[in-house]
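Chemist: Could you have a look at this structure, given as structure tokens, before my questions?
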There are 2 protein chains.
Amino acid sequence: MPDQQAVQLMIKARWIIPIVPAGRVYEDCAIIVNQQKIVALLPVAEAEKSYRAEQTVCLGRHVLMPGLINSHGHAAMSLLRGFADDQPLETWLNEHIWPAEERFVDADFVRDGTELAVAEMIKSGTSCFADMYFYPEQTAKVARRAHMRAQIAFPVIDVATNWGDGPDDYINKGLALHDEYRDDDLIRIAFGPHAPYTVSNDSLQRIGVLAQELEAPIHIHLHETANEIADSIGQHGKRPLERLRELGVLSPLTQCVHMTELDDSDIATLASTGSHVIHCPESNLKLTSGFSPVARLSAAGVNVAIGTDGAASNNDLSMLGELQTASLLAKNVAQDAAALNAHQTLMMATLNGARSLGIDDITGSLELGKAADIVAFELDELCAEPIYDIASTLVYNNRAVKATHLWVAGKALMLSGHLQTLNERDIAAKARQWGKKIVQEYPRPS
Amino acid sequence: MPDQQAVQLMIKARWIIPIVPAGRVYEDCAIIVNQQKIVALLPVAEAEKSYRAEQTVCLGRHVLMPGLINSHGHAAMSLLRGFADDQPLETWLNEHIWPAEERFVDADFVRDGTELAVAEMIKSGTSCFADMYFYPEQTAKVARRAHMRAQIAFPVIDVATNWGDGPDDYINKGLALHDEYRDDDLIRIAFGPHAPYTVSNDSLQRIGVLAQELEAPIHIHLHETANEIADSIGQHGKRPLERLRELGVLSPLTQCVHMTELDDSDIATLASTGSHVIHCPESNLKLTSGFSPVARLSAAGVNVAIGTDGAASNNDLSMLGELQTASLLAKNVAQDAAALNAHQTLMMATLNGARSLGIDDITGSLELGKAADIVAFELDELCAEPIYDIASTLVYNNRAVKATHLWVAGKALMLSGHLQTLNERDIAAKARQWGKKIVQEYPRPS
């Protein structure tokens, strides 16, 4: 057929959830990919008539979606997965995680831990992640090598750590990293002031100015616990969010992670400044940090995205698992079983994530012209049946669902469950070695 | 070696969590099974010296546990999985589930739906389930054929349904069924008064007397929502639990399902009568029914077990998934991140389940003399690493865990992921057919 257009990739699937238009499900359609982008989404019969693809992938029991966006985590902390469970946030940080980090975290730890996390994220359908951790240059290298899309926030914190001497050192290192990745099409570098209680006014103010100059995002743990609010009122005479607003930190570049403790003035401030909320329900539940009022935030026009947080407080990086928890929790916080329905929840994990990271012009939905960041989930023959609503299956019955294929900007990161850009066996072996080393040198506190 | 004892089965595993003694994990040990029972649990080297087994199963990356006990569900409702999501309990029941049940539920529906549920339960590591649904004779037949251990409660409700004319008819049919299974070693028949708001005083009183005479359990939905309590106070002048106590329904034979709304007097009543609580966290969350105060109940000496409820309100039957939700939720209801730790949560899904069903002399732990009801979970090579605490992996990182083997009373129901007593392909095909039929004849309300 001489009038067929030559393209690189055709993916045919039983179901497609494009996210835009909202709530829509296409059946027996195909996505056409060329030069890293989505060029068409149309019924299979029309696709076969109009396009001649170098490669065709047929997915008869699968649903295609935009790759999931994990909007908050600490990838390298996967090496501390399950290291200290059943502890509240302050104890967990002060008595377990921070001492272990001081003992073990170096460039190798971050490289190997990030590889473990990136492999797990790809295998569970995540195409893009936002990270905040020490040695961010290692995180960026791993993401680049794996061909993941990522926002890497370099941490800024008032104290010295293995990675640097203090706020100025962190900011200098971070700015150099930002410069290095300025033209990268997958990796963006963000400011990562750790939390309002660990960063001074001066540093926060400087970050606010620099972020605007560079148009770089700010990623910060915020309003994670009631104690944080009380301490801030005691120390600064104001709530953390108000303090950040006065210091010039809040804008559409700002990603506020956790936000469990919110009053009406906080929600109004988030809405008026255009700041984003990154909701991490499983980590908040596990550390008993509180509940983010997701439905109220959305109703106020605040963009809410979802993150798993690090595996040390989750203990996995499955975004589908996080979505189920997010939806179930939001219904109860709102006292409304209709709150955060399946399609709304899927949007939080895709387009809202892209918005929060400032890349919704590039990814987050299966729209023409966007990057081909696409995941395929295969449905279990038995446990997924019967299927009345595929969005419901993905959110409420996702143990019957398995990510099998993942593309980022048209490049395959996973095909039929096999990683294409990372060596799964090597990564697993290294993770086991780290676990042994950590247990031998630093027995877990009981 | 002439002094070796001949036995039927030896299972060697990397880890074993026996549940009793509590909190214990054995490494590189073996379980010896003979004549349906556990006869030894000892290090592999000693096992090889002392026993000669007809069959040996080597599980080098697996953890063995007592099979999980799903203490509340409606197996046949798996055919309505995801049929009406994002609705509160009353709307869900009155406008969606009950009309659909009236239209479709018959003996075939219950047989096929129960097969689907039993297959999913076996595949996710459940060896025993408690059920309440119409046509309980079908449920019992399927469980018996699959060689699952089960408590089947026949429903009693004031209104006529497809299965019968009213309370007396239900009780008569149920008593006949109880008689039929009197000597069965796997199946027990229980009374299933649906809920305090659907069963009259007369019927509840009669059930209380009959249950004591027959030493048969009573399984009842109770204190599921705040509305239920308010309506009972309005209609009867007392809370549902108090009404049941006065009617003679509460005793160690009684399994109170849900129990989200509890005051101090309720907890004292449960403790003093020895009644059991069956906690169904995911169903409660999805229908915004409220939170059961699990840690307070346990502290008061009330036995708490866990159930998935039916797949129509969950939407899966994974007990490991339910455990993660139970633990995360309990921490927040108790405002204590140490509440319901991993080992305590595993006990709820095993020994506490057996206690609630009155079969803890037979199953619920890997103790010598108990039935060989055993599950093996295999750990993902990548996503389970590193492993600091195998109990934590099972509760907080169980997406990296897959049930591969399951035995009930020494008989294999699943080996290496393959069902041994049910035909997975046939069951899936029938479930798909039911889904099509239901959609065609009864389009889902939007």
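Ordering of the structure tokens sets the chain letters (A, B, ...), residue numbers begin anew at 1 in every chain, and ligands are numbered from 1 in the order given.
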Find the residues in chain B near chain A: any atom within 7 Å counts, using only C-alpha atoms. Write them as number ranges by chain.

Modeler: B: 79, 81-83, 86-88, 120, 285-288, 314-316, 328-329, 331-332, 335-338, 341, 381-383, 385-389, 392, 396-397, 428, 431-432, 435

Chemist: Mind checking DSSP for segment 6-236 of chain A and telling me the strand (DSSP E or B) residues as an mmCIF file with N, CA, C and O atoms, in the first residue's frame?

Modeler:
data_model
loop_
_atom_site.group_PDB
_atom_site.id
_atom_site.type_symbol
_atom_site.label_atom_id
_atom_site.label_comp_id
_atom_site.auth_asym_id
_atom_site.auth_seq_id
_atom_site.Cartn_x
_atom_site.Cartn_y
_atom_site.Cartn_z
ATOM 1 N N ALA A 6 5.464 5.389 6.853
ATOM 2 C CA ALA A 6 6.463 4.588 7.581
ATOM 3 C C ALA A 6 6.702 5.202 8.955
ATOM 4 O O ALA A 6 6.960 6.403 9.064
ATOM 5 N N VAL A 7 6.584 4.361 9.988
ATOM 6 C CA VAL A 7 6.823 4.817 11.363
ATOM 7 C C VAL A 7 7.644 3.773 12.103
ATOM 8 O O VAL A 7 7.847 2.659 11.607
ATOM 9 N N GLN A 8 8.091 4.116 13.288
ATOM 10 C CA GLN A 8 8.978 3.198 14.006
ATOM 11 C C GLN A 8 8.249 2.122 14.799
ATOM 12 O O GLN A 8 8.676 0.979 14.830
ATOM 13 N N LEU A 9 7.141 2.491 15.448
ATOM 14 C CA LEU A 9 6.525 1.542 16.384
ATOM 15 C C LEU A 9 5.008 1.639 16.346
ATOM 16 O O LEU A 9 4.446 2.740 16.329
ATOM 17 N N MET A 10 4.356 0.466 16.311
ATOM 18 C CA MET A 10 2.895 0.390 16.463
ATOM 19 C C MET A 10 2.611 -0.540 17.648
ATOM 20 O O MET A 10 3.107 -1.668 17.682
ATOM 21 N N ILE A 11 1.839 -0.053 18.615
ATOM 22 C CA ILE A 11 1.466 -0.888 19.762
ATOM 23 C C ILE A 11 -0.047 -1.058 19.725
ATOM 24 O O ILE A 11 -0.792 -0.090 19.856
ATOM 25 N N LYS A 12 -0.497 -2.301 19.529
ATOM 26 C CA LYS A 12 -1.933 -2.584 19.532
ATOM 27 C C LYS A 12 -2.310 -3.137 20.905
ATOM 28 O O LYS A 12 -1.610 -4.003 21.435
ATOM 29 N N ALA A 13 -3.408 -2.681 21.436
ATOM 30 C CA ALA A 13 -3.762 -3.151 22.782
ATOM 31 C C ALA A 13 -5.269 -3.330 22.923
ATOM 32 O O ALA A 13 -6.064 -2.694 22.227
ATOM 33 N N ARG A 14 -5.633 -4.208 23.859
ATOM 34 C CA ARG A 14 -7.046 -4.468 24.139
ATOM 35 C C ARG A 14 -7.737 -3.212 24.667
ATOM 36 O O ARG A 14 -8.838 -2.905 24.286
ATOM 37 N N TRP A 15 -7.059 -2.520 25.603
ATOM 38 C CA TRP A 15 -7.605 -1.272 26.163
ATOM 39 C C TRP A 15 -6.525 -0.185 26.146
ATOM 40 O O TRP A 15 -5.341 -0.490 26.329
ATOM 41 N N ILE A 16 -6.951 1.053 25.999
ATOM 42 C CA ILE A 16 -6.043 2.192 26.157
ATOM 43 C C ILE A 16 -6.749 3.237 27.020
ATOM 44 O O ILE A 16 -7.888 3.612 26.740
ATOM 45 N N TYR A 26 -10.363 3.505 25.437
ATOM 46 C CA TYR A 26 -10.477 3.034 24.056
ATOM 47 C C TYR A 26 -10.256 1.527 24.024
ATOM 48 O O TYR A 26 -9.378 1.008 24.714
ATOM 49 N N GLU A 27 -11.026 0.835 23.202
ATOM 50 C CA GLU A 27 -10.838 -0.615 23.084
ATOM 51 C C GLU A 27 -10.337 -0.974 21.693
ATOM 52 O O GLU A 27 -10.783 -0.396 20.703
ATOM 53 N N ASP A 28 -9.410 -1.943 21.647
ATOM 54 C CA ASP A 28 -8.873 -2.446 20.390
ATOM 55 C C ASP A 28 -8.369 -1.320 19.503
ATOM 56 O O ASP A 28 -8.763 -1.199 18.341
ATOM 57 N N CYS A 29 -7.539 -0.511 20.074
ATOM 58 C CA CYS A 29 -6.917 0.586 19.334
ATOM 59 C C CYS A 29 -5.397 0.405 19.320
ATOM 60 O O CYS A 29 -4.859 -0.520 19.940
ATOM 61 N N ALA A 30 -4.727 1.270 18.564
ATOM 62 C CA ALA A 30 -3.270 1.210 18.464
ATOM 63 C C ALA A 30 -2.686 2.598 18.687
ATOM 64 O O ALA A 30 -3.321 3.608 18.367
ATOM 65 N N ILE A 31 -1.488 2.601 19.238
ATOM 66 C CA ILE A 31 -0.724 3.842 19.367
ATOM 67 C C ILE A 31 0.429 3.778 18.371
ATOM 68 O O ILE A 31 1.115 2.749 18.277
ATOM 69 N N ILE A 32 0.606 4.859 17.625
ATOM 70 C CA ILE A 32 1.694 4.927 16.655
ATOM 71 C C ILE A 32 2.769 5.871 17.205
ATOM 72 O O ILE A 32 2.469 6.989 17.621
ATOM 73 N N VAL A 33 4.012 5.371 17.198
ATOM 74 C CA VAL A 33 5.136 6.135 17.745
ATOM 75 C C VAL A 33 6.168 6.358 16.651
ATOM 76 O O VAL A 33 6.520 5.427 15.912
ATOM 77 N N ASN A 34 6.611 7.605 16.547
ATOM 78 C CA ASN A 34 7.697 7.886 15.612
ATOM 79 C C ASN A 34 8.582 8.971 16.193
ATOM 80 O O ASN A 34 8.074 9.935 16.768
ATOM 81 N N LYS A 37 7.955 10.206 19.700
ATOM 82 C CA LYS A 37 6.684 10.823 20.064
ATOM 83 C C LYS A 37 5.470 10.003 19.626
ATOM 84 O O LYS A 37 5.561 9.164 18.739
ATOM 85 N N ILE A 38 4.344 10.301 20.257
ATOM 86 C CA ILE A 38 3.077 9.694 19.862
ATOM 87 C C ILE A 38 2.555 10.471 18.660
ATOM 88 O O ILE A 38 2.347 11.688 18.745
ATOM 89 N N VAL A 39 2.360 9.756 17.538
ATOM 90 C CA VAL A 39 1.889 10.462 16.344
ATOM 91 C C VAL A 39 0.437 10.124 16.011
ATOM 92 O O VAL A 39 -0.200 10.842 15.246
ATOM 93 N N ALA A 40 -0.076 9.025 16.571
ATOM 94 C CA ALA A 40 -1.483 8.706 16.320
ATOM 95 C C ALA A 40 -1.988 7.736 17.364
ATOM 96 O O ALA A 40 -1.221 6.976 17.967
ATOM 97 N N LEU A 41 -3.304 7.773 17.596
ATOM 98 C CA LEU A 41 -3.989 6.816 18.454
ATOM 99 C C LEU A 41 -5.312 6.549 17.755
ATOM 100 O O LEU A 41 -6.150 7.459 17.623
ATOM 101 N N LEU A 42 -5.507 5.341 17.252
ATOM 102 C CA LEU A 42 -6.662 5.081 16.386
ATOM 103 C C LEU A 42 -7.024 3.597 16.390
ATOM 104 O O LEU A 42 -6.246 2.771 16.856
ATOM 105 N N PRO A 43 -8.216 3.239 15.897
ATOM 106 C CA PRO A 43 -8.605 1.825 15.871
ATOM 107 C C PRO A 43 -7.596 0.987 15.090
ATOM 108 O O PRO A 43 -7.000 1.476 14.114
ATOM 109 N N TYR A 51 -0.504 2.919 8.494
ATOM 110 C CA TYR A 51 0.898 2.961 8.924
ATOM 111 C C TYR A 51 1.621 1.649 8.636
ATOM 112 O O TYR A 51 1.040 0.565 8.738
ATOM 113 N N ARG A 52 2.883 1.783 8.301
ATOM 114 C CA ARG A 52 3.773 0.632 8.154
ATOM 115 C C ARG A 52 4.880 0.827 9.207
ATOM 116 O O ARG A 52 5.692 1.749 9.101
ATOM 117 N N ALA A 53 4.863 -0.034 10.242
ATOM 118 C CA ALA A 53 5.772 0.175 11.375
ATOM 119 C C ALA A 53 6.980 -0.750 11.282
ATOM 120 O O ALA A 53 6.846 -1.912 10.880
ATOM 121 N N GLU A 54 8.151 -0.237 11.668
ATOM 122 C CA GLU A 54 9.346 -1.094 11.752
ATOM 123 C C GLU A 54 9.125 -2.203 12.757
ATOM 124 O O GLU A 54 9.584 -3.327 12.585
ATOM 125 N N GLN A 55 8.409 -1.850 13.845
ATOM 126 C CA GLN A 55 8.166 -2.848 14.891
ATOM 127 C C GLN A 55 6.703 -2.748 15.325
ATOM 128 O O GLN A 55 6.181 -1.645 15.507
ATOM 129 N N THR A 56 6.058 -3.912 15.459
ATOM 130 C CA THR A 56 4.672 -3.929 15.933
ATOM 131 C C THR A 56 4.588 -4.812 17.173
ATOM 132 O O THR A 56 5.128 -5.923 17.182
ATOM 133 N N VAL A 57 3.949 -4.313 18.205
ATOM 134 C CA VAL A 57 3.778 -5.080 19.448
ATOM 135 C C VAL A 57 2.277 -5.284 19.664
ATOM 136 O O VAL A 57 1.513 -4.315 19.693
ATOM 137 N N CYS A 58 1.858 -6.552 19.779
ATOM 138 C CA CYS A 58 0.436 -6.879 19.930
ATOM 139 C C CYS A 58 0.168 -7.284 21.382
ATOM 140 O O CYS A 58 0.751 -8.256 21.859
ATOM 141 N N LEU A 59 -0.701 -6.563 22.039
ATOM 142 C CA LEU A 59 -0.934 -6.793 23.463
ATOM 143 C C LEU A 59 -2.421 -7.048 23.702
ATOM 144 O O LEU A 59 -3.190 -6.153 24.030
ATOM 145 N N GLY A 60 -2.808 -8.320 23.527
ATOM 146 C CA GLY A 60 -4.220 -8.688 23.486
ATOM 147 C C GLY A 60 -4.919 -8.733 24.833
ATOM 148 O O GLY A 60 -6.143 -8.738 24.888
ATOM 149 N N ARG A 61 -4.173 -8.814 25.904
ATOM 150 C CA ARG A 61 -4.771 -8.857 27.248
ATOM 151 C C ARG A 61 -4.182 -7.767 28.117
ATOM 152 O O ARG A 61 -3.952 -7.960 29.311
ATOM 153 N N HIS A 62 -3.915 -6.628 27.487
ATOM 154 C CA HIS A 62 -3.190 -5.560 28.181
ATOM 155 C C HIS A 62 -3.952 -4.247 28.080
ATOM 156 O O HIS A 62 -4.725 -4.033 27.166
ATOM 157 N N VAL A 63 -3.627 -3.378 29.035
ATOM 158 C CA VAL A 63 -4.096 -1.996 28.968
ATOM 159 C C VAL A 63 -2.867 -1.101 28.843
ATOM 160 O O VAL A 63 -1.874 -1.295 29.543
ATOM 161 N N LEU A 64 -2.946 -0.156 27.903
ATOM 162 C CA LEU A 64 -1.882 0.842 27.743
ATOM 163 C C LEU A 64 -2.282 2.119 28.455
ATOM 164 O O LEU A 64 -3.443 2.536 28.412
ATOM 165 N N MET A 65 -1.296 2.738 29.073
ATOM 166 C CA MET A 65 -1.492 4.017 29.759
ATOM 167 C C MET A 65 -0.232 4.837 29.591
ATOM 168 O O MET A 65 0.817 4.291 29.271
ATOM 169 N N PRO A 66 -0.314 6.140 29.879
ATOM 170 C CA PRO A 66 0.938 6.865 30.040
ATOM 171 C C PRO A 66 1.725 6.227 31.184
ATOM 172 O O PRO A 66 1.142 5.785 32.174
ATOM 173 N N LEU A 68 3.592 5.614 34.530
ATOM 174 C CA LEU A 68 3.255 6.217 35.819
ATOM 175 C C LEU A 68 4.379 7.149 36.280
ATOM 176 O O LEU A 68 5.550 6.932 35.965
ATOM 177 N N ILE A 69 4.004 8.184 36.990
ATOM 178 C CA ILE A 69 4.973 9.181 37.463
ATOM 179 C C ILE A 69 4.991 9.150 38.987
ATOM 180 O O ILE A 69 3.989 9.459 39.641
ATOM 181 N N ASN A 70 6.109 8.721 39.516
ATOM 182 C CA ASN A 70 6.295 8.629 40.967
ATOM 183 C C ASN A 70 6.898 9.953 41.415
ATOM 184 O O ASN A 70 8.088 10.193 41.244
ATOM 185 N N SER A 71 6.070 10.806 41.999
ATOM 186 C CA SER A 71 6.469 12.199 42.195
ATOM 187 C C SER A 71 7.253 12.470 43.476
ATOM 188 O O SER A 71 7.585 13.617 43.759
ATOM 189 N N HIS A 72 7.535 11.437 44.251
ATOM 190 C CA HIS A 72 8.447 11.640 45.388
ATOM 191 C C HIS A 72 9.051 10.321 45.853
ATOM 192 O O HIS A 72 8.339 9.351 46.098
ATOM 193 N N GLY A 73 10.364 10.354 46.019
ATOM 194 C CA GLY A 73 11.034 9.187 46.572
ATOM 195 C C GLY A 73 12.484 9.474 46.882
ATOM 196 O O GLY A 73 12.980 10.586 46.661
ATOM 197 N N THR A 126 6.509 2.417 36.174
ATOM 198 C CA THR A 126 6.833 3.832 36.342
ATOM 199 C C THR A 126 7.841 4.261 35.278
ATOM 200 O O THR A 126 8.878 3.621 35.107
ATOM 201 N N SER A 127 7.522 5.356 34.591
ATOM 202 C CA SER A 127 8.410 5.849 33.533
ATOM 203 C C SER A 127 9.172 7.094 33.965
ATOM 204 O O SER A 127 10.097 7.521 33.271
ATOM 205 N N CYS A 128 8.775 7.702 35.064
ATOM 206 C CA CYS A 128 9.360 8.971 35.486
ATOM 207 C C CYS A 128 9.311 9.055 37.006
ATOM 208 O O CYS A 128 8.303 8.683 37.605
ATOM 209 N N PHE A 129 10.395 9.516 37.625
ATOM 210 C CA PHE A 129 10.373 9.628 39.087
ATOM 211 C C PHE A 129 11.048 10.919 39.533
ATOM 212 O O PHE A 129 11.939 11.443 38.870
ATOM 213 N N ALA A 130 10.563 11.418 40.661
ATOM 214 C CA ALA A 130 11.180 12.572 41.305
ATOM 215 C C ALA A 130 11.927 12.069 42.526
ATOM 216 O O ALA A 130 11.380 11.287 43.307
ATOM 217 N N ASP A 131 13.169 12.524 42.667
ATOM 218 C CA ASP A 131 14.019 11.980 43.724
ATOM 219 C C ASP A 131 14.659 13.094 44.531
ATOM 220 O O ASP A 131 14.880 14.197 44.033
ATOM 221 N N MET A 132 14.946 12.800 45.784
ATOM 222 C CA MET A 132 15.737 13.706 46.615
ATOM 223 C C MET A 132 16.656 12.847 47.465
ATOM 224 O O MET A 132 16.192 12.076 48.318
ATOM 225 N N ARG A 149 12.896 8.870 32.736
ATOM 226 C CA ARG A 149 12.701 10.305 32.899
ATOM 227 C C ARG A 149 12.757 10.594 34.402
ATOM 228 O O ARG A 149 12.197 9.827 35.199
ATOM 229 N N ALA A 150 13.426 11.659 34.784
ATOM 230 C CA ALA A 150 13.577 11.906 36.228
ATOM 231 C C ALA A 150 13.790 13.373 36.542
ATOM 232 O O ALA A 150 14.369 14.120 35.752
ATOM 233 N N GLN A 151 13.271 13.744 37.705
ATOM 234 C CA GLN A 151 13.647 15.013 38.318
ATOM 235 C C GLN A 151 14.476 14.688 39.558
ATOM 236 O O GLN A 151 13.979 14.061 40.496
ATOM 237 N N ILE A 152 15.731 15.104 39.551
ATOM 238 C CA ILE A 152 16.636 14.796 40.662
ATOM 239 C C ILE A 152 16.820 16.065 41.479
ATOM 240 O O ILE A 152 17.389 17.043 40.995
ATOM 241 N N ALA A 153 16.340 16.043 42.719
ATOM 242 C CA ALA A 153 16.530 17.197 43.600
ATOM 243 C C ALA A 153 17.777 16.973 44.444
ATOM 244 O O ALA A 153 17.896 15.940 45.109
ATOM 245 N N PHE A 154 18.707 17.940 44.401
ATOM 246 C CA PHE A 154 19.875 17.823 45.281
ATOM 247 C C PHE A 154 19.473 18.343 46.657
ATOM 248 O O PHE A 154 18.790 19.365 46.780
ATOM 249 N N PRO A 155 19.844 17.612 47.714
ATOM 250 C CA PRO A 155 19.392 17.995 49.051
ATOM 251 C C PRO A 155 20.149 19.213 49.569
ATOM 252 O O PRO A 155 21.337 19.377 49.301
ATOM 253 N N VAL A 156 19.446 20.058 50.286
ATOM 254 C CA VAL A 156 20.058 21.160 51.030
ATOM 255 C C VAL A 156 19.586 21.016 52.472
ATOM 256 O O VAL A 156 18.373 20.891 52.721
ATOM 257 N N THR A 161 26.933 16.400 55.993
ATOM 258 C CA THR A 161 26.646 14.971 55.789
ATOM 259 C C THR A 161 27.812 14.385 55.003
ATOM 260 O O THR A 161 28.752 15.101 54.641
ATOM 261 N N GLY A 164 28.436 16.481 51.850
ATOM 262 C CA GLY A 164 28.913 17.866 51.804
ATOM 263 C C GLY A 164 28.943 18.523 53.167
ATOM 264 O O GLY A 164 28.514 17.943 54.176
ATOM 265 N N ILE A 187 16.480 14.249 32.039
ATOM 266 C CA ILE A 187 16.820 14.536 33.436
ATOM 267 C C ILE A 187 16.715 16.031 33.714
ATOM 268 O O ILE A 187 17.263 16.848 32.975
ATOM 269 N N ARG A 188 16.001 16.379 34.786
ATOM 270 C CA ARG A 188 15.993 17.766 35.246
ATOM 271 C C ARG A 188 16.500 17.798 36.684
ATOM 272 O O ARG A 188 16.203 16.913 37.475
ATOM 273 N N ILE A 189 17.206 18.846 37.006
ATOM 274 C CA ILE A 189 17.760 18.986 38.363
ATOM 275 C C ILE A 189 16.938 20.031 39.118
ATOM 276 O O ILE A 189 16.641 21.104 38.598
ATOM 277 N N ALA A 190 16.559 19.686 40.344
ATOM 278 C CA ALA A 190 15.728 20.579 41.169
ATOM 279 C C ALA A 190 16.429 20.868 42.496
ATOM 280 O O ALA A 190 17.335 20.134 42.909
ATOM 281 N N PHE A 191 15.995 21.939 43.142
ATOM 282 C CA PHE A 191 16.446 22.233 44.498
ATOM 283 C C PHE A 191 15.682 21.347 45.479
ATOM 284 O O PHE A 191 14.458 21.223 45.375
ATOM 285 N N GLY A 192 16.393 20.786 46.453
ATOM 286 C CA GLY A 192 15.748 19.900 47.427
ATOM 287 C C GLY A 192 15.995 20.313 48.869
ATOM 288 O O GLY A 192 16.602 19.542 49.625
ATOM 289 N N PRO A 193 15.534 21.519 49.269
ATOM 290 C CA PRO A 193 15.649 21.848 50.692
ATOM 291 C C PRO A 193 14.922 20.768 51.502
ATOM 292 O O PRO A 193 13.746 20.496 51.245
ATOM 293 N N ILE A 218 11.473 23.370 43.003
ATOM 294 C CA ILE A 218 11.850 23.187 44.414
ATOM 295 C C ILE A 218 11.014 22.025 44.962
ATOM 296 O O ILE A 218 9.795 22.010 44.828
ATOM 297 N N HIS A 219 11.692 21.091 45.577
ATOM 298 C CA HIS A 219 11.053 19.859 46.069
ATOM 299 C C HIS A 219 11.336 19.797 47.561
ATOM 300 O O HIS A 219 12.500 19.746 47.960
ATOM 301 N N ILE A 220 10.310 19.850 48.399
ATOM 302 C CA ILE A 220 10.544 19.961 49.849
ATOM 303 C C ILE A 220 9.544 19.127 50.651
ATOM 304 O O ILE A 220 8.351 19.095 50.337
ATOM 305 N N HIS A 221 10.035 18.410 51.664
ATOM 306 C CA HIS A 221 9.150 17.751 52.639
ATOM 307 C C HIS A 221 8.462 18.838 53.451
ATOM 308 O O HIS A 221 9.142 19.683 54.031
ATOM 309 N N LEU A 222 7.151 18.774 53.566
ATOM 310 C CA LEU A 222 6.454 19.903 54.195
ATOM 311 C C LEU A 222 5.169 19.440 54.886
ATOM 312 O O LEU A 222 4.423 18.630 54.335
#

Chemist: Enumerate, as a list in words, the complete set of residues in segment 249-286 of chain B that a backbone-based DSSP assignment places in alpha helix (DSSP H).

Modeler: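 Alpha helix (DSSP H) assignments inside segment 249-286 of chain B correspond to Asp264, Ser265, Asp266, Ile267, Ala268, Thr269, Leu270, Ala271, Ser272, Thr273, Pro281, Glu282, Ser283, Asn284, Leu285 and Lys286 of chain B.
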
Chemist: Can you write out the residues you just picked, keeping N, CA, C and O atoms, as a tab-separated table (two decimals), in the first residue's frame?

Modeler:
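Wrote result-v6.tsv, looks like this:
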chain	number	residue	atom	x	y	z
B	264	ASP	N	-16.54	1.95	74.64
B	264	ASP	CA	-15.91	1.12	75.68
B	264	ASP	C	-16.82	-0.02	76.12
B	264	ASP	O	-16.36	-1.13	76.39
B	265	SER	N	-18.15	0.25	76.17
B	265	SER	CA	-19.06	-0.80	76.62
B	265	SER	C	-19.10	-1.94	75.59
B	265	SER	O	-19.18	-3.11	75.96
B	266	ASP	N	-19.03	-1.58	74.32
B	266	ASP	CA	-19.01	-2.64	73.28
B	266	ASP	C	-17.79	-3.53	73.46
B	266	ASP	O	-17.88	-4.76	73.38
B	267	ILE	N	-16.64	-2.89	73.66
B	267	ILE	CA	-15.40	-3.67	73.78
B	267	ILE	C	-15.46	-4.57	75.01
B	267	ILE	O	-15.08	-5.74	74.96
B	268	ALA	N	-16.02	-4.04	76.10
B	268	ALA	CA	-16.17	-4.85	77.32
B	268	ALA	C	-17.12	-6.03	77.06
B	268	ALA	O	-16.87	-7.15	77.52
B	269	THR	N	-18.19	-5.79	76.31
B	269	THR	CA	-19.14	-6.87	76.00
B	269	THR	C	-18.49	-7.95	75.15
B	269	THR	O	-18.67	-9.15	75.39
B	270	LEU	N	-17.73	-7.53	74.15
B	270	LEU	CA	-17.03	-8.52	73.31
B	270	LEU	C	-16.09	-9.36	74.17
B	270	LEU	O	-16.04	-10.59	74.05
B	271	ALA	N	-15.34	-8.68	75.05
B	271	ALA	CA	-14.36	-9.40	75.88
B	271	ALA	C	-15.05	-10.35	76.84
B	271	ALA	O	-14.65	-11.51	76.98
B	272	SER	N	-16.13	-9.89	77.47
B	272	SER	CA	-16.75	-10.72	78.51
B	272	SER	C	-17.52	-11.90	77.92
B	272	SER	O	-17.63	-12.94	78.54
B	273	THR	N	-18.02	-11.75	76.70
B	273	THR	CA	-18.75	-12.87	76.08
B	273	THR	C	-17.82	-13.79	75.29
B	273	THR	O	-18.24	-14.86	74.87
B	281	PRO	N	-10.53	-4.51	56.68
B	281	PRO	CA	-10.16	-3.11	56.50
B	281	PRO	C	-10.39	-2.56	55.09
B	281	PRO	O	-10.84	-1.43	54.94
B	282	GLU	N	-10.08	-3.34	54.05
B	282	GLU	CA	-10.19	-2.77	52.71
B	282	GLU	C	-11.63	-2.53	52.31
B	282	GLU	O	-11.97	-1.51	51.71
B	283	SER	N	-12.51	-3.45	52.66
B	283	SER	CA	-13.93	-3.25	52.37
B	283	SER	C	-14.46	-2.06	53.16
B	283	SER	O	-15.19	-1.22	52.62
B	284	ASN	N	-14.09	-1.96	54.43
B	284	ASN	CA	-14.53	-0.81	55.25
B	284	ASN	C	-14.05	0.50	54.65
B	284	ASN	O	-14.78	1.49	54.62
B	285	LEU	N	-12.81	0.53	54.19
B	285	LEU	CA	-12.28	1.75	53.59
B	285	LEU	C	-13.00	2.07	52.29
B	285	LEU	O	-13.38	3.21	52.03
B	286	LYS	N	-13.20	1.04	51.46
B	286	LYS	CA	-13.75	1.30	50.12
B	286	LYS	C	-15.19	1.80	50.21
B	286	LYS	O	-15.62	2.65	49.42
